[in-house]
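Peer 1: This one is target29.txt, compact mmCIF, C-alpha atoms and all ligand atoms.
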```
# COMPACT_ATOMS: atom_id res chain seq x y z
CA MET E 1 -22.67 -63.30 3.68
CA ASP E 2 -24.11 -63.31 0.20
CA ILE E 3 -26.93 -61.03 -0.79
CA ALA E 4 -29.52 -63.78 -1.07
CA GLU E 5 -28.89 -64.89 2.48
CA LEU E 6 -28.86 -61.35 3.80
CA ALA E 7 -32.21 -60.76 2.09
CA ASP E 8 -33.67 -63.92 3.64
CA ARG E 9 -32.53 -62.89 7.10
CA ILE E 10 -33.98 -59.43 6.68
CA ARG E 11 -37.29 -60.92 5.57
CA ALA E 12 -37.17 -63.10 8.67
CA GLY E 13 -36.95 -59.90 10.70
CA GLU E 14 -33.43 -60.43 12.07
CA ARG E 15 -32.30 -57.15 13.54
CA ARG E 16 -28.61 -57.89 13.12
CA ALA E 17 -29.08 -58.55 9.42
CA LEU E 18 -31.06 -55.34 9.12
CA ALA E 19 -28.33 -53.34 10.86
CA ARG E 20 -25.76 -54.85 8.55
CA ALA E 21 -27.82 -54.04 5.47
CA ILE E 22 -28.20 -50.42 6.58
CA THR E 23 -24.44 -50.17 6.99
CA LEU E 24 -24.17 -51.45 3.42
CA VAL E 25 -26.58 -48.84 2.01
CA GLU E 26 -24.74 -46.11 3.93
CA SER E 27 -21.43 -46.94 2.30
CA GLY E 28 -20.07 -44.66 -0.37
CA ARG E 29 -17.91 -47.35 -1.96
CA ASP E 30 -18.88 -48.34 -5.49
CA ASP E 31 -18.70 -52.09 -4.85
CA HIS E 32 -20.82 -51.70 -1.71
CA ARG E 33 -23.30 -49.65 -3.67
CA ALA E 34 -23.63 -52.39 -6.25
CA ARG E 35 -24.35 -54.92 -3.51
CA ALA E 36 -26.78 -52.55 -1.83
CA VAL E 37 -28.72 -52.09 -5.05
CA ALA E 38 -28.80 -55.86 -5.61
CA LEU E 39 -30.16 -56.30 -2.10
CA LEU E 40 -32.80 -53.58 -2.48
CA ASP E 41 -33.88 -55.06 -5.80
CA ARG E 42 -34.20 -58.47 -4.26
CA LEU E 43 -36.33 -57.10 -1.44
CA ALA E 44 -38.48 -54.86 -3.62
CA GLY E 45 -42.05 -55.96 -4.02
CA SER E 46 -42.07 -57.76 -0.69
CA GLY E 47 -45.62 -56.48 -0.37
CA ARG E 48 -44.87 -55.35 3.15
CA GLN E 49 -45.81 -51.82 4.01
CA ALA E 50 -45.08 -49.93 7.19
CA LEU E 51 -46.69 -46.71 8.26
CA ARG E 52 -43.92 -44.14 7.75
CA ILE E 53 -44.13 -41.36 10.28
CA GLY E 54 -41.86 -38.32 9.99
CA LEU E 55 -41.17 -36.56 13.28
CA SER E 56 -39.52 -33.19 13.48
CA GLY E 57 -38.69 -30.78 16.26
CA THR E 58 -35.88 -28.52 17.40
CA PRO E 59 -33.36 -29.86 19.94
CA GLY E 60 -34.84 -29.95 23.43
CA VAL E 61 -38.55 -30.23 22.54
CA GLY E 62 -38.49 -33.84 23.67
CA LYS E 63 -38.09 -35.95 20.54
CA SER E 64 -36.07 -38.70 22.22
CA THR E 65 -38.40 -38.78 25.20
CA PHE E 66 -41.41 -38.90 22.88
CA ILE E 67 -39.97 -41.68 20.73
CA GLU E 68 -39.16 -43.70 23.82
CA SER E 69 -42.68 -43.36 25.30
CA PHE E 70 -44.54 -43.58 22.00
CA GLY E 71 -42.40 -46.48 20.81
CA MET E 72 -42.96 -48.38 24.07
CA MET E 73 -46.70 -47.81 23.78
CA LEU E 74 -46.74 -49.16 20.22
CA THR E 75 -44.61 -52.22 20.99
CA GLY E 76 -46.88 -52.78 24.00
CA GLN E 77 -49.70 -53.13 21.48
CA GLY E 78 -47.76 -55.80 19.62
CA LEU E 79 -46.48 -53.51 16.87
CA ARG E 80 -42.92 -53.61 15.58
CA VAL E 81 -41.29 -50.18 15.52
CA ALA E 82 -38.19 -48.97 13.68
CA VAL E 83 -36.62 -45.58 14.42
CA LEU E 84 -34.34 -43.91 11.88
CA ALA E 85 -32.62 -40.60 12.46
CA VAL E 86 -31.92 -38.01 9.78
CA ASP E 87 -29.27 -35.61 10.87
CA PRO E 88 -27.34 -33.67 8.25
CA SER E 89 -24.15 -32.98 10.14
CA SER E 90 -24.33 -29.27 9.44
CA ALA E 91 -27.40 -29.24 11.67
CA ARG E 92 -25.72 -31.18 14.43
CA SER E 93 -23.58 -28.45 15.91
CA GLY E 94 -24.95 -27.48 19.27
CA GLY E 95 -27.82 -29.90 18.99
CA SER E 96 -28.23 -33.29 20.52
CA ILE E 97 -27.43 -36.45 18.63
CA LEU E 98 -30.51 -37.94 17.07
CA GLY E 99 -31.41 -41.52 17.72
CA ASP E 100 -29.12 -41.47 20.73
CA LYS E 101 -29.77 -44.83 22.29
CA THR E 102 -28.77 -43.75 25.76
CA ARG E 103 -31.82 -41.53 25.75
CA MET E 104 -34.11 -44.35 24.63
CA GLU E 105 -33.07 -46.95 27.12
CA ARG E 106 -36.25 -48.96 27.37
CA LEU E 107 -36.95 -48.97 23.65
CA THR E 108 -33.39 -50.05 22.89
CA ARG E 109 -33.94 -53.20 24.93
CA GLU E 110 -37.34 -53.90 23.42
CA PRO E 111 -37.12 -56.89 21.03
CA ASN E 112 -39.82 -55.43 18.76
CA ALA E 113 -37.98 -52.16 18.28
CA PHE E 114 -35.03 -51.24 16.09
CA ILE E 115 -33.20 -47.94 16.54
CA ARG E 116 -30.66 -46.64 14.08
CA PRO E 117 -28.81 -43.42 14.95
CA SER E 118 -27.80 -41.09 12.16
CA PRO E 119 -24.43 -41.71 10.55
CA SER E 120 -22.01 -38.85 10.09
CA GLN E 121 -22.69 -37.67 6.59
CA THR E 122 -22.24 -34.38 4.89
CA ALA E 123 -24.42 -34.01 1.83
CA LEU E 124 -28.17 -33.92 2.29
CA GLY E 125 -28.48 -35.93 -0.92
CA GLY E 126 -26.51 -38.77 0.66
CA VAL E 127 -28.59 -38.64 3.82
CA ALA E 128 -31.79 -38.77 1.80
CA ARG E 129 -30.73 -41.82 -0.13
CA ARG E 130 -29.48 -43.64 2.92
CA THR E 131 -32.69 -42.93 4.80
CA ARG E 132 -34.90 -43.94 1.91
CA ASP E 133 -33.01 -47.20 1.49
CA ALA E 134 -33.13 -47.82 5.24
CA VAL E 135 -36.91 -47.29 5.24
CA ALA E 136 -37.24 -49.86 2.45
CA LEU E 137 -35.11 -52.33 4.41
CA CYS E 138 -37.20 -51.83 7.58
CA GLU E 139 -40.38 -52.43 5.60
CA ALA E 140 -38.98 -55.61 4.10
CA ALA E 141 -38.07 -56.70 7.63
CA GLY E 142 -41.74 -56.47 8.51
CA PHE E 143 -41.81 -53.43 10.76
CA ASP E 144 -45.28 -51.96 11.21
CA ILE E 145 -44.15 -48.43 11.97
CA VAL E 146 -41.06 -46.61 10.75
CA LEU E 147 -40.43 -43.40 12.66
CA ILE E 148 -38.11 -41.02 10.85
CA GLU E 149 -36.75 -38.44 13.26
CA THR E 150 -35.18 -35.17 12.22
CA VAL E 151 -34.17 -31.84 13.72
CA GLY E 152 -36.10 -28.73 12.82
CA VAL E 153 -33.25 -27.22 10.91
CA GLY E 154 -32.72 -26.51 7.25
CA GLN E 155 -33.82 -28.77 4.46
CA SER E 156 -34.00 -31.99 6.41
CA GLU E 157 -37.68 -31.56 7.29
CA THR E 158 -38.77 -31.19 3.70
CA MET E 159 -36.75 -34.26 2.86
CA VAL E 160 -38.34 -36.31 5.64
CA ALA E 161 -41.82 -35.10 4.71
CA GLU E 162 -41.09 -36.30 1.17
CA MET E 163 -40.55 -39.85 2.39
CA ALA E 164 -43.20 -40.10 5.10
CA ASP E 165 -46.88 -40.95 5.01
CA LEU E 166 -47.57 -38.70 7.99
CA PHE E 167 -45.55 -35.74 9.19
CA ILE E 168 -45.62 -34.79 12.87
CA LEU E 169 -44.20 -31.58 14.26
CA LEU E 170 -43.25 -31.66 17.92
CA LEU E 171 -43.20 -28.33 19.76
CA ALA E 172 -42.57 -27.17 23.30
CA PRO E 173 -44.88 -24.81 25.18
CA ALA E 174 -44.15 -21.18 24.34
CA GLY E 175 -43.38 -18.69 27.07
CA GLY E 176 -45.82 -16.02 26.02
CA ASP E 177 -48.86 -16.34 23.82
CA GLU E 178 -46.89 -15.63 20.66
CA LEU E 179 -46.40 -18.43 18.16
CA GLN E 180 -42.89 -19.80 18.27
CA GLY E 181 -40.69 -18.99 15.35
CA VAL E 182 -42.02 -21.93 13.38
CA LYS E 183 -41.73 -21.21 9.73
CA ARG E 184 -44.95 -21.20 7.83
CA GLY E 185 -43.62 -23.70 5.31
CA ILE E 186 -42.95 -26.21 8.07
CA MET E 187 -46.38 -25.71 9.57
CA GLU E 188 -47.88 -26.33 6.16
CA MET E 189 -46.12 -29.68 5.96
CA ALA E 190 -47.40 -30.87 9.33
CA ASP E 191 -50.33 -33.26 9.55
CA ILE E 192 -50.39 -33.14 13.32
CA ILE E 193 -48.71 -30.65 15.64
CA LEU E 194 -47.97 -32.10 19.06
CA VAL E 195 -47.27 -29.63 21.83
CA ASN E 196 -45.17 -31.65 24.24
CA LYS E 197 -44.49 -31.13 27.96
CA ALA E 198 -48.17 -30.62 28.79
CA ASP E 199 -47.57 -31.55 32.41
CA GLY E 200 -46.98 -29.89 35.78
CA ASP E 201 -46.27 -26.17 35.68
CA LEU E 202 -45.96 -26.21 31.91
CA LYS E 203 -49.47 -27.52 31.30
CA PRO E 204 -51.30 -24.16 31.04
CA ALA E 205 -48.64 -22.81 28.65
CA ALA E 206 -48.85 -26.00 26.59
CA MET E 207 -52.61 -25.67 26.29
CA ARG E 208 -52.31 -22.04 25.27
CA THR E 209 -49.65 -22.86 22.68
CA CYS E 210 -51.82 -25.68 21.36
CA ALA E 211 -54.83 -23.36 21.00
CA ASP E 212 -52.66 -20.80 19.19
CA TYR E 213 -51.50 -23.39 16.71
CA ALA E 214 -54.95 -24.84 16.26
CA GLY E 215 -56.04 -21.31 15.31
CA ALA E 216 -53.13 -20.86 12.93
CA LEU E 217 -53.78 -24.24 11.28
CA ARG E 218 -57.41 -23.31 10.65
CA LEU E 219 -56.19 -20.37 8.59
CA LEU E 220 -54.21 -22.59 6.23
CA ARG E 221 -55.64 -23.55 2.89
CA LYS E 222 -57.41 -26.88 3.05
CA ARG E 223 -55.39 -29.65 1.42
CA PRO E 224 -57.12 -32.34 -0.64
CA GLN E 225 -55.35 -35.09 1.28
CA ASP E 226 -56.94 -34.04 4.58
CA PRO E 227 -60.28 -35.01 6.07
CA GLU E 228 -62.28 -32.54 8.16
CA GLY E 229 -60.35 -31.38 11.22
CA PHE E 230 -56.84 -31.92 9.83
CA PRO E 231 -54.13 -30.74 10.19
CA LYS E 232 -54.64 -30.56 13.91
CA ALA E 233 -52.81 -29.54 17.08
CA MET E 234 -52.85 -31.60 20.26
CA THR E 235 -51.04 -31.64 23.58
CA VAL E 236 -49.00 -34.57 24.90
CA SER E 237 -46.63 -35.29 27.72
CA ALA E 238 -43.91 -37.63 26.60
CA LEU E 239 -42.51 -37.68 30.11
CA GLU E 240 -45.77 -38.60 31.85
CA GLU E 241 -46.94 -40.62 28.85
CA GLU E 242 -50.15 -38.68 28.48
CA GLY E 243 -52.07 -38.06 25.30
CA LEU E 244 -49.97 -40.57 23.39
CA GLN E 245 -52.81 -42.99 22.70
CA ASN E 246 -54.92 -40.07 21.60
CA ALA E 247 -52.22 -38.87 19.22
CA TRP E 248 -51.79 -42.39 17.83
CA GLY E 249 -55.55 -42.65 17.33
CA GLU E 250 -55.50 -39.48 15.23
CA MET E 251 -52.53 -40.71 13.20
CA GLN E 252 -54.34 -43.97 12.47
CA ALA E 253 -57.57 -42.18 11.59
CA LEU E 254 -55.75 -39.89 9.18
CA ALA E 255 -53.84 -42.75 7.56
CA ALA E 256 -57.04 -44.79 7.23
CA TRP E 257 -58.91 -41.89 5.64
CA ARG E 258 -56.10 -41.32 3.15
CA ARG E 259 -56.02 -45.01 2.29
CA GLU E 260 -59.75 -45.13 1.68
CA ASN E 261 -59.66 -42.03 -0.44
CA GLY E 262 -56.70 -43.00 -2.59
CA HIS E 263 -54.38 -40.30 -1.25
CA PHE E 264 -52.08 -42.71 0.54
CA ASP E 265 -50.99 -44.68 -2.50
CA ALA E 266 -51.04 -41.62 -4.75
CA ARG E 267 -48.64 -39.86 -2.43
CA ARG E 268 -46.29 -42.81 -2.27
CA ALA E 269 -46.29 -43.04 -6.05
CA GLU E 270 -45.51 -39.34 -6.30
CA GLN E 271 -42.73 -39.68 -3.74
CA ALA E 272 -41.21 -42.63 -5.59
CA ARG E 273 -41.18 -40.60 -8.79
CA HIS E 274 -39.63 -37.64 -7.00
CA TRP E 275 -36.82 -39.71 -5.49
CA PHE E 276 -36.15 -41.48 -8.75
CA GLY E 277 -35.61 -38.11 -10.44
CA GLU E 278 -33.46 -36.96 -7.56
CA GLU E 279 -31.31 -40.06 -7.71
CA VAL E 280 -30.74 -39.66 -11.44
CA ARG E 281 -29.78 -36.01 -10.93
CA LEU E 282 -27.31 -36.91 -8.20
CA GLY E 283 -25.90 -39.69 -10.35
CA LEU E 284 -25.35 -37.32 -13.25
CA LEU E 285 -23.59 -34.86 -10.99
CA ALA E 286 -21.39 -37.61 -9.58
CA ARG E 287 -20.50 -38.72 -13.08
CA LEU E 288 -19.55 -35.15 -13.94
CA GLU E 289 -17.31 -34.97 -10.89
CA LYS E 290 -15.57 -38.22 -11.76
CA ASP E 291 -14.88 -37.53 -15.43
CA PRO E 292 -11.49 -35.73 -15.68
CA ASP E 293 -12.26 -34.23 -19.11
CA ALA E 294 -15.57 -32.87 -17.93
CA ARG E 295 -13.97 -31.48 -14.79
CA ALA E 296 -11.25 -29.76 -16.79
CA GLN E 297 -13.90 -28.27 -19.04
CA MET E 298 -15.88 -27.11 -16.00
CA ASP E 299 -12.74 -25.47 -14.56
CA ARG E 300 -11.94 -23.77 -17.82
CA LEU E 301 -15.44 -22.44 -18.37
CA GLY E 302 -15.75 -21.54 -14.69
CA ALA E 303 -12.61 -19.40 -14.92
CA ALA E 304 -13.88 -17.73 -18.08
CA VAL E 305 -17.19 -16.94 -16.34
CA ALA E 306 -15.31 -15.55 -13.35
CA ARG E 307 -13.27 -13.26 -15.61
CA GLY E 308 -16.45 -12.07 -17.24
CA GLU E 309 -15.38 -13.36 -20.66
CA ILE E 310 -18.50 -15.41 -21.15
CA SER E 311 -21.98 -15.29 -19.68
CA VAL E 312 -23.15 -17.85 -17.17
CA SER E 313 -25.83 -19.07 -19.57
CA GLY E 314 -23.36 -19.21 -22.45
CA ALA E 315 -20.86 -21.23 -20.43
CA ALA E 316 -23.53 -23.65 -19.19
CA THR E 317 -24.81 -24.18 -22.73
CA GLN E 318 -21.27 -24.95 -23.92
CA MET E 319 -20.71 -27.33 -21.04
CA LEU E 320 -23.91 -29.26 -21.68
CA ALA E 321 -23.18 -29.41 -25.39
CA ALA E 322 -19.74 -30.85 -24.62
CA LEU E 323 -21.34 -33.52 -22.43
CA ASN E 324 -23.74 -34.50 -25.19
CA GLY E 325 -20.94 -34.78 -27.68
P1 LIG G 401 -34.77 -33.78 22.03
O1 LIG G 401 -33.51 -32.97 21.99
O2 LIG G 401 -35.83 -33.16 21.18
O3 LIG G 401 -34.56 -35.22 21.71
O4 LIG G 401 -35.33 -33.68 23.54
P2 LIG G 401 -35.18 -34.69 24.77
O5 LIG G 401 -36.11 -35.85 24.62
O6 LIG G 401 -33.76 -34.98 25.00
O7 LIG G 401 -35.75 -33.80 25.95
C1 LIG G 401 -35.18 -32.55 26.30
C2 LIG G 401 -35.54 -32.23 27.74
O8 LIG G 401 -36.95 -32.06 27.86
C3 LIG G 401 -35.16 -33.35 28.69
O9 LIG G 401 -34.68 -32.76 29.88
C4 LIG G 401 -36.46 -34.07 28.93
O10 LIG G 401 -36.52 -34.70 30.16
C5 LIG G 401 -37.47 -32.95 28.84
N1 LIG G 401 -38.79 -33.44 28.41
C6 LIG G 401 -39.05 -34.23 27.34
N2 LIG G 401 -40.37 -34.51 27.29
C7 LIG G 401 -40.94 -33.89 28.33
C8 LIG G 401 -42.29 -33.80 28.82
O11 LIG G 401 -43.24 -34.37 28.28
N3 LIG G 401 -42.51 -33.03 29.92
C9 LIG G 401 -41.49 -32.38 30.55
N4 LIG G 401 -41.81 -31.67 31.62
N5 LIG G 401 -40.21 -32.45 30.14
C10 LIG G 401 -39.94 -33.20 29.04
```
Would you mind writing the file out in structure tokens?
Peer 2:
Amino acid sequence: MDIAELADRIRAGERRALARAITLVESGRDDHRARAVALLDRLAGSGRQALRIGLSGTPGVGKSTFIESFGMMLTGQGLRVAVLAVDPSSARSGGSILGDKTRMERLTREPNAFIRPSPSQTALGGVARRTRDAVALCEAAGFDIVLIETVGVGQSETMVAEMADLFILLLAPAGGDELQGVKRGIMEMADIILVNKADGDLKPAAMRTCADYAGALRLLRKRPQDPEGFPKAMTVSALEEEGLQNAWGEMQALAAWRRENGHFDARRAEQARHWFGEEVRLGLLARLEKDPDARAQMDRLGAAVARGEISVSGAATQMLAALNG
């Protein structure tokens, strides 16, 4: 299929075309990349904008269950929902597979939903680009909501927060009254903390955990992109489908406030600039890797640095000078 036709089908919202396009942007082959870029260029400026929601949580907190319930609620309201998973493979060991369709059975069958599990990738840079491109494709396909799911490990959360309009942290009820080992940096990224499993025997613990986090969030420095009362902590039960409408209401209120106050577009502009810089950096590195002369020079200088014959700074300066020449 040529790129023009693929673009038309994506614009028409065809899920098969979208899946195919995502496979294309995931490919590492140079000729595929050229086609992917042509496609993305063609679709750019479609004027369509989804609400991009980043969702993070450690394995077992209930991400799949939440996405299934939350996604069904949204499609029930006539919204089209895309789910993308970000799973740097280093984080996969021991954890569950993200975007596992067997755990989102109802949503998988829902015509207004599109679920894309994470591909096996190694470098976080590659995952970031693939996800960013996939988000753009989903927007061009007219999805209203793009949920970007990631595990609470390593750098992937920061990356997802850098491409989302809203960032949601999903937590499970803590055993005691101590805060779970959630890193401060991750809490600072969250717009809404959802304490899941607020049902049955776990409900009191969930409410306690929620109150603890609400207290901790109040101690954070107020961010300019937040209205009064944000970031906030709430309880939900993904299993019993409770609190989901409430959580969605808060997400909408926050997004609306940011839109009205110029933060929404400003943040997207800043993110676009960030990813552009990142892409150029990655491209330069790739070029360095591919150029045999440059690689030989790197090896030579690297060995000299290892032997202590030249300083790190001296070697880097020489290397960069050689590249300029
Ligand atoms: P993920 O690894 O974060 O995707 O978590 P899953 O969605 O696979 O859920 C992990 C376990 O927690 C499963 O056994 C779920 O049934 C359970 N679970 C998820 N949500 C809830 C909830 O709201 N309440 C209760 N009680 N259990 C839940």
Peer 1: In Å to one decimal, how far is CA of Ala36 in chain E from CA of Ala21 in chain E?
Peer 2: 7.5 Å
Peer 1: Determine, for each residue of chain E having at least one atom at most 9 Å from an atom of ligand LIG 401 (chain G), the closest pair of atoms and their separation in Å to one decimal, counting only C-alpha atoms and all ligand atoms; order by chain and ascending number, as JSON lines.
Peer 2:
```
{"residue": "E:Ser56", "atom": "CA", "partner": "G:LIG401", "partner_atom": "O2", "distance": 8.5}
{"residue": "E:Gly57", "atom": "CA", "partner": "G:LIG401", "partner_atom": "O2", "distance": 6.2}
{"residue": "E:Thr58", "atom": "CA", "partner": "G:LIG401", "partner_atom": "O2", "distance": 6.0}
{"residue": "E:Pro59", "atom": "CA", "partner": "G:LIG401", "partner_atom": "O1", "distance": 3.7}
{"residue": "E:Gly60", "atom": "CA", "partner": "G:LIG401", "partner_atom": "O1", "distance": 3.6}
{"residue": "E:Val61", "atom": "CA", "partner": "G:LIG401", "partner_atom": "O2", "distance": 4.2}
{"residue": "E:Gly62", "atom": "CA", "partner": "G:LIG401", "partner_atom": "O4", "distance": 3.2}
{"residue": "E:Lys63", "atom": "CA", "partner": "G:LIG401", "partner_atom": "O2", "distance": 3.6}
{"residue": "E:Ser64", "atom": "CA", "partner": "G:LIG401", "partner_atom": "O5", "distance": 3.7}
{"residue": "E:Thr65", "atom": "CA", "partner": "G:LIG401", "partner_atom": "O5", "distance": 3.8}
{"residue": "E:Phe66", "atom": "CA", "partner": "G:LIG401", "partner_atom": "N2", "distance": 6.3}
{"residue": "E:Ile67", "atom": "CA", "partner": "G:LIG401", "partner_atom": "O5", "distance": 8.0}
{"residue": "E:Glu68", "atom": "CA", "partner": "G:LIG401", "partner_atom": "O5", "distance": 8.5}
{"residue": "E:Gly95", "atom": "CA", "partner": "G:LIG401", "partner_atom": "O1", "distance": 7.1}
{"residue": "E:Ser96", "atom": "CA", "partner": "G:LIG401", "partner_atom": "O1", "distance": 5.5}
{"residue": "E:Ile97", "atom": "CA", "partner": "G:LIG401", "partner_atom": "O1", "distance": 7.8}
{"residue": "E:Leu98", "atom": "CA", "partner": "G:LIG401", "partner_atom": "O3", "distance": 6.7}
{"residue": "E:Gly99", "atom": "CA", "partner": "G:LIG401", "partner_atom": "O3", "distance": 8.1}
{"residue": "E:Asp100", "atom": "CA", "partner": "G:LIG401", "partner_atom": "O3", "distance": 8.3}
{"residue": "E:Arg103", "atom": "CA", "partner": "G:LIG401", "partner_atom": "O6", "distance": 6.9}
{"residue": "E:Met104", "atom": "CA", "partner": "G:LIG401", "partner_atom": "O5", "distance": 8.7}
{"residue": "E:Val151", "atom": "CA", "partner": "G:LIG401", "partner_atom": "O2", "distance": 7.8}
{"residue": "E:Leu170", "atom": "CA", "partner": "G:LIG401", "partner_atom": "O2", "distance": 8.2}
{"residue": "E:Leu171", "atom": "CA", "partner": "G:LIG401", "partner_atom": "O2", "distance": 8.9}
{"residue": "E:Ala172", "atom": "CA", "partner": "G:LIG401", "partner_atom": "C7", "distance": 8.6}
{"residue": "E:Val195", "atom": "CA", "partner": "G:LIG401", "partner_atom": "O11", "distance": 9.0}
{"residue": "E:Asn196", "atom": "CA", "partner": "G:LIG401", "partner_atom": "O11", "distance": 5.2}
{"residue": "E:Lys197", "atom": "CA", "partner": "G:LIG401", "partner_atom": "N3", "distance": 3.4}
{"residue": "E:Ala198", "atom": "CA", "partner": "G:LIG401", "partner_atom": "O11", "distance": 6.2}
{"residue": "E:Asp199", "atom": "CA", "partner": "G:LIG401", "partner_atom": "N4", "distance": 5.8}
{"residue": "E:Gly200", "atom": "CA", "partner": "G:LIG401", "partner_atom": "N4", "distance": 6.9}
{"residue": "E:Asp201", "atom": "CA", "partner": "G:LIG401", "partner_atom": "N4", "distance": 8.2}
{"residue": "E:Leu202", "atom": "CA", "partner": "G:LIG401", "partner_atom": "N4", "distance": 6.9}
{"residue": "E:Lys203", "atom": "CA", "partner": "G:LIG401", "partner_atom": "N4", "distance": 8.7}
{"residue": "E:Val236", "atom": "CA", "partner": "G:LIG401", "partner_atom": "O11", "distance": 6.7}
{"residue": "E:Ser237", "atom": "CA", "partner": "G:LIG401", "partner_atom": "O11", "distance": 3.6}
{"residue": "E:Ala238", "atom": "CA", "partner": "G:LIG401", "partner_atom": "O11", "distance": 3.7}
{"residue": "E:Leu239", "atom": "CA", "partner": "G:LIG401", "partner_atom": "O11", "distance": 3.9}
{"residue": "E:Glu240", "atom": "CA", "partner": "G:LIG401", "partner_atom": "O11", "distance": 6.1}
{"residue": "E:Glu241", "atom": "CA", "partner": "G:LIG401", "partner_atom": "O11", "distance": 7.3}
{"residue": "E:Glu242", "atom": "CA", "partner": "G:LIG401", "partner_atom": "O11", "distance": 8.1}
```
Peer 1: With C-alpha atoms retained, could you export that selection as a PDB file, keeping the file's coordinate frame?
Peer 2:
```
ATOM      1  CA  SER E  56     -39.520 -33.190  13.480  1.00  0.00           C
ATOM      2  CA  GLY E  57     -38.690 -30.780  16.260  1.00  0.00           C
ATOM      3  CA  THR E  58     -35.880 -28.520  17.400  1.00  0.00           C
ATOM      4  CA  PRO E  59     -33.360 -29.860  19.940  1.00  0.00           C
ATOM      5  CA  GLY E  60     -34.840 -29.950  23.430  1.00  0.00           C
ATOM      6  CA  VAL E  61     -38.550 -30.230  22.540  1.00  0.00           C
ATOM      7  CA  GLY E  62     -38.490 -33.840  23.670  1.00  0.00           C
ATOM      8  CA  LYS E  63     -38.090 -35.950  20.540  1.00  0.00           C
ATOM      9  CA  SER E  64     -36.070 -38.700  22.220  1.00  0.00           C
ATOM     10  CA  THR E  65     -38.400 -38.780  25.200  1.00  0.00           C
ATOM     11  CA  PHE E  66     -41.410 -38.900  22.880  1.00  0.00           C
ATOM     12  CA  ILE E  67     -39.970 -41.680  20.730  1.00  0.00           C
ATOM     13  CA  GLU E  68     -39.160 -43.700  23.820  1.00  0.00           C
ATOM     14  CA  GLY E  95     -27.820 -29.900  18.990  1.00  0.00           C
ATOM     15  CA  SER E  96     -28.230 -33.290  20.520  1.00  0.00           C
ATOM     16  CA  ILE E  97     -27.430 -36.450  18.630  1.00  0.00           C
ATOM     17  CA  LEU E  98     -30.510 -37.940  17.070  1.00  0.00           C
ATOM     18  CA  GLY E  99     -31.410 -41.520  17.720  1.00  0.00           C
ATOM     19  CA  ASP E 100     -29.120 -41.470  20.730  1.00  0.00           C
ATOM     20  CA  ARG E 103     -31.820 -41.530  25.750  1.00  0.00           C
ATOM     21  CA  MET E 104     -34.110 -44.350  24.630  1.00  0.00           C
ATOM     22  CA  VAL E 151     -34.170 -31.840  13.720  1.00  0.00           C
ATOM     23  CA  LEU E 170     -43.250 -31.660  17.920  1.00  0.00           C
ATOM     24  CA  LEU E 171     -43.200 -28.330  19.760  1.00  0.00           C
ATOM     25  CA  ALA E 172     -42.570 -27.170  23.300  1.00  0.00           C
ATOM     26  CA  VAL E 195     -47.270 -29.630  21.830  1.00  0.00           C
ATOM     27  CA  ASN E 196     -45.170 -31.650  24.240  1.00  0.00           C
ATOM     28  CA  LYS E 197     -44.490 -31.130  27.960  1.00  0.00           C
ATOM     29  CA  ALA E 198     -48.170 -30.620  28.790  1.00  0.00           C
ATOM     30  CA  ASP E 199     -47.570 -31.550  32.410  1.00  0.00           C
ATOM     31  CA  GLY E 200     -46.980 -29.890  35.780  1.00  0.00           C
ATOM     32  CA  ASP E 201     -46.270 -26.170  35.680  1.00  0.00           C
ATOM     33  CA  LEU E 202     -45.960 -26.210  31.910  1.00  0.00           C
ATOM     34  CA  LYS E 203     -49.470 -27.520  31.300  1.00  0.00           C
ATOM     35  CA  VAL E 236     -49.000 -34.570  24.900  1.00  0.00           C
ATOM     36  CA  SER E 237     -46.630 -35.290  27.720  1.00  0.00           C
ATOM     37  CA  ALA E 238     -43.910 -37.630  26.600  1.00  0.00           C
ATOM     38  CA  LEU E 239     -42.510 -37.680  30.110  1.00  0.00           C
ATOM     39  CA  GLU E 240     -45.770 -38.600  31.850  1.00  0.00           C
ATOM     40  CA  GLU E 241     -46.940 -40.620  28.850  1.00  0.00           C
ATOM     41  CA  GLU E 242     -50.150 -38.680  28.480  1.00  0.00           C
TER      42      GLU E 242
END
```
Peer 1: May I have the residues within 9 Å of Ala304 in chain E as an NGL selection string, using all atoms listed in the file and disregarding those fewer than 6 positions away in the same chain?
Peer 2: :E and (310-311 or 315)
Peer 1: Which residue, E:Cys210, E:Ala50, E:Leu301, E:Ile168, has the smallest gap to Val135 in chain E when you use all atoms listed in the file?
Peer 2: E:Ala50
Peer 1: Nearest residue to Thr235 in chain E out of E:Val160, E:Leu284, E:Arg258, E:Ala206, using only C-alpha atoms?
Peer 2: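 Looking at the shortest contact to Thr235 in chain E, the residue is E:Ala206.
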Peer 1: Can you pull out every residue within 7 Å of range 264-272 of chain E, counting all atoms listed in the file, but drop anything in the same chain fewer than 4 positions away, and send it as a list in words?
Peer 2: Glu162, Met163, Arg258, Arg259 and Phe276 of chain E
Peer 1: Show which residues sit within 6 Å of Phe167 in chain E, as a PDB file with C-alpha atoms, in the frame of the given file. Count only C-alpha atoms, and ignore same-chain residues fewer than 6 positions away.
Peer 2:
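Result saved to selection-v2.pdb:
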```
ATOM      1  CA  ILE E  53     -44.130 -41.360  10.280  1.00  0.00           C
ATOM      2  CA  GLY E  54     -41.860 -38.320   9.990  1.00  0.00           C
ATOM      3  CA  ALA E 161     -41.820 -35.100   4.710  1.00  0.00           C
ATOM      4  CA  ALA E 190     -47.400 -30.870   9.330  1.00  0.00           C
ATOM      5  CA  ASP E 191     -50.330 -33.260   9.550  1.00  0.00           C
TER       6      ASP E 191
END
```
Peer 1: Record the distance separating CA of Leu55 in chain E and CA of Ala12 in chain E, expressed in Å with one decimal.
Peer 2: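 One can read the CA of Leu55 in chain E to CA of Ala12 in chain E distance as 27.2 Å.
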